[in-house]
Amino acid sequence: MKKPRILIVGSFTMDLITSTRVFPGGGETVLGTDFSSAPGGKGANQAVQAARLGADVTMVGKLGGDAFGDLILESVRNAGIHTEHILRAPDMPSPIGNIILEIDEAGNSHNRIIVVPATNMTIRPEDVAFLKDEIANYDMVMLQFEIPMEINVLVAQYAHAKGVPVMVNPAPAAEIPESLLQCTSWISPNEHEAAALTGRKIRVDDGLNMEDVEAAASILRSRGVDHVMITLGDHGAALMDEHGLRHLPCVPDVAVADPTSAGDSFVAAFCTGICAGLTPVDAMNFARNAAAITVSRMGAQPSEPTLEEVLNAMHANGNPDFPFSRLDSLR
């Protein structure tokens, strides 16, 4: 049985992670409690997660010629990702992500992130021109907004011309050109990105307001995207398509150690599930279990689970109606 083939054109970072009991205010210095570093970047995180779940993944992007670039490249290679189309810019630094984790009294984490994009923003149209024909070999293309928008548009147009579905993860939030929306099969903002894209805030103060979720998703569907999936942090995720709005809560009772790669884990697992033949709702269930494991561990890529870990968690949590046999192609 053929493994699903997924192409990810996207970003890398070396994440520099500082933990603290309280975020510093303006002009304030506080003492941290821990420091670590780990490869990250939305594109690379999603590529590593999809590969660990059993997909055949190819990554396209650009790194600097420094030691961080070497470590990032080693990480994606170790995950089994095809790296022949990852470029190096010898005279430039690789991207970094400066992550501050505030650890509350219950041991849960909340993050703030600053990304210095460096080589991520130097990908040129000629760097991806080879995909015009080769893109037909993939089952899905995944894109994010940490690389130049013109590259996302170009790759999406290549995919659309060949009938390959495109997942756009619009993070960080930015205005989406109509030329990209016209080629987008799936879009997966979080609640903040959905609000920025639609002007409809999703209220959660008194519990998740599903009317807000439905309104935001409807606006995105009205712009031509058939499948809208909004990730909602600890409120789970919602999907709207021609069958209406469906909502799945998070896996309960998960101690959050580091939420940095939760969205990337979820989106990558969802796409892997779709490519393996799951229905959208089953793919969301698969994805929420992957994300639950991810947030329970530190670091972006180091925290992302393998297929066996996710399947074991799903069996332990009780999913008697889940079609596990549909994931046989991932083994």
# chains A, B, ... in the order shown; residues from 1 in each chain; ligands from 1

$ residues_around --residues "stretch 28-42 of chain A" --least-positions-apart "3" --cutoff "7 Å" --atoms "only C-alpha atoms" --output "VMD selection string"
chain A and resid 11 to 20 24 to 25 45 to 46 72 75 144 264 299 to 301

$ closest_atom_pairs --of "stretch 65-129 of chain A" --to "stretch 153-159 of chain A" --cutoff "10 Å" --atoms "only C-alpha atoms" --output "tab-separated table"
residue	atom	partner	partner_atom	distance
A:Pro125	CA	A:Leu154	CA	7.5
A:Val128	CA	A:Val155	CA	7.4
A:Ala129	CA	A:Val155	CA	8.6

$ residues_around --residues "stretch 231-248 of chain A" --least-positions-apart "3" --cutoff "7 Å" --atoms "only C-alpha atoms" --output "list in words"
Ser188, Pro189, Asn190, Glu191, Leu208, Glu214, Ala217, Asp226, His227 and Val228 of chain A

$ write_last_selection --atoms "C-alpha atoms" --output "short mmCIF file (atom, residue, chain, number, x, y, z; two decimals), in the first residue's frame"
data_model
loop_
_atom_site.label_atom_id
_atom_site.label_comp_id
_atom_site.auth_asym_id
_atom_site.auth_seq_id
_atom_site.Cartn_x
_atom_site.Cartn_y
_atom_site.Cartn_z
CA SER A 188 -6.51 26.08 8.97
CA PRO A 189 -6.25 29.31 10.99
CA ASN A 190 -6.31 29.32 14.76
CA GLU A 191 -8.93 31.45 16.53
CA LEU A 208 -16.49 28.73 23.35
CA GLU A 214 -19.59 29.53 12.54
CA ALA A 217 -15.77 29.94 9.08
CA ASP A 226 -14.39 24.63 0.50
CA HIS A 227 -12.97 23.29 3.78
CA VAL A 228 -12.33 25.60 6.76
#

$ closest_residue --among "A:His110, A:His315, A:Arg200, A:Arg223" --to "A:Val295" --atoms "only C-alpha atoms"
A:His110

$ atom_distance --atom1 "atom CA of A:Phe23" --atom2 "atom CA of A:Ala255"
20.3 Å
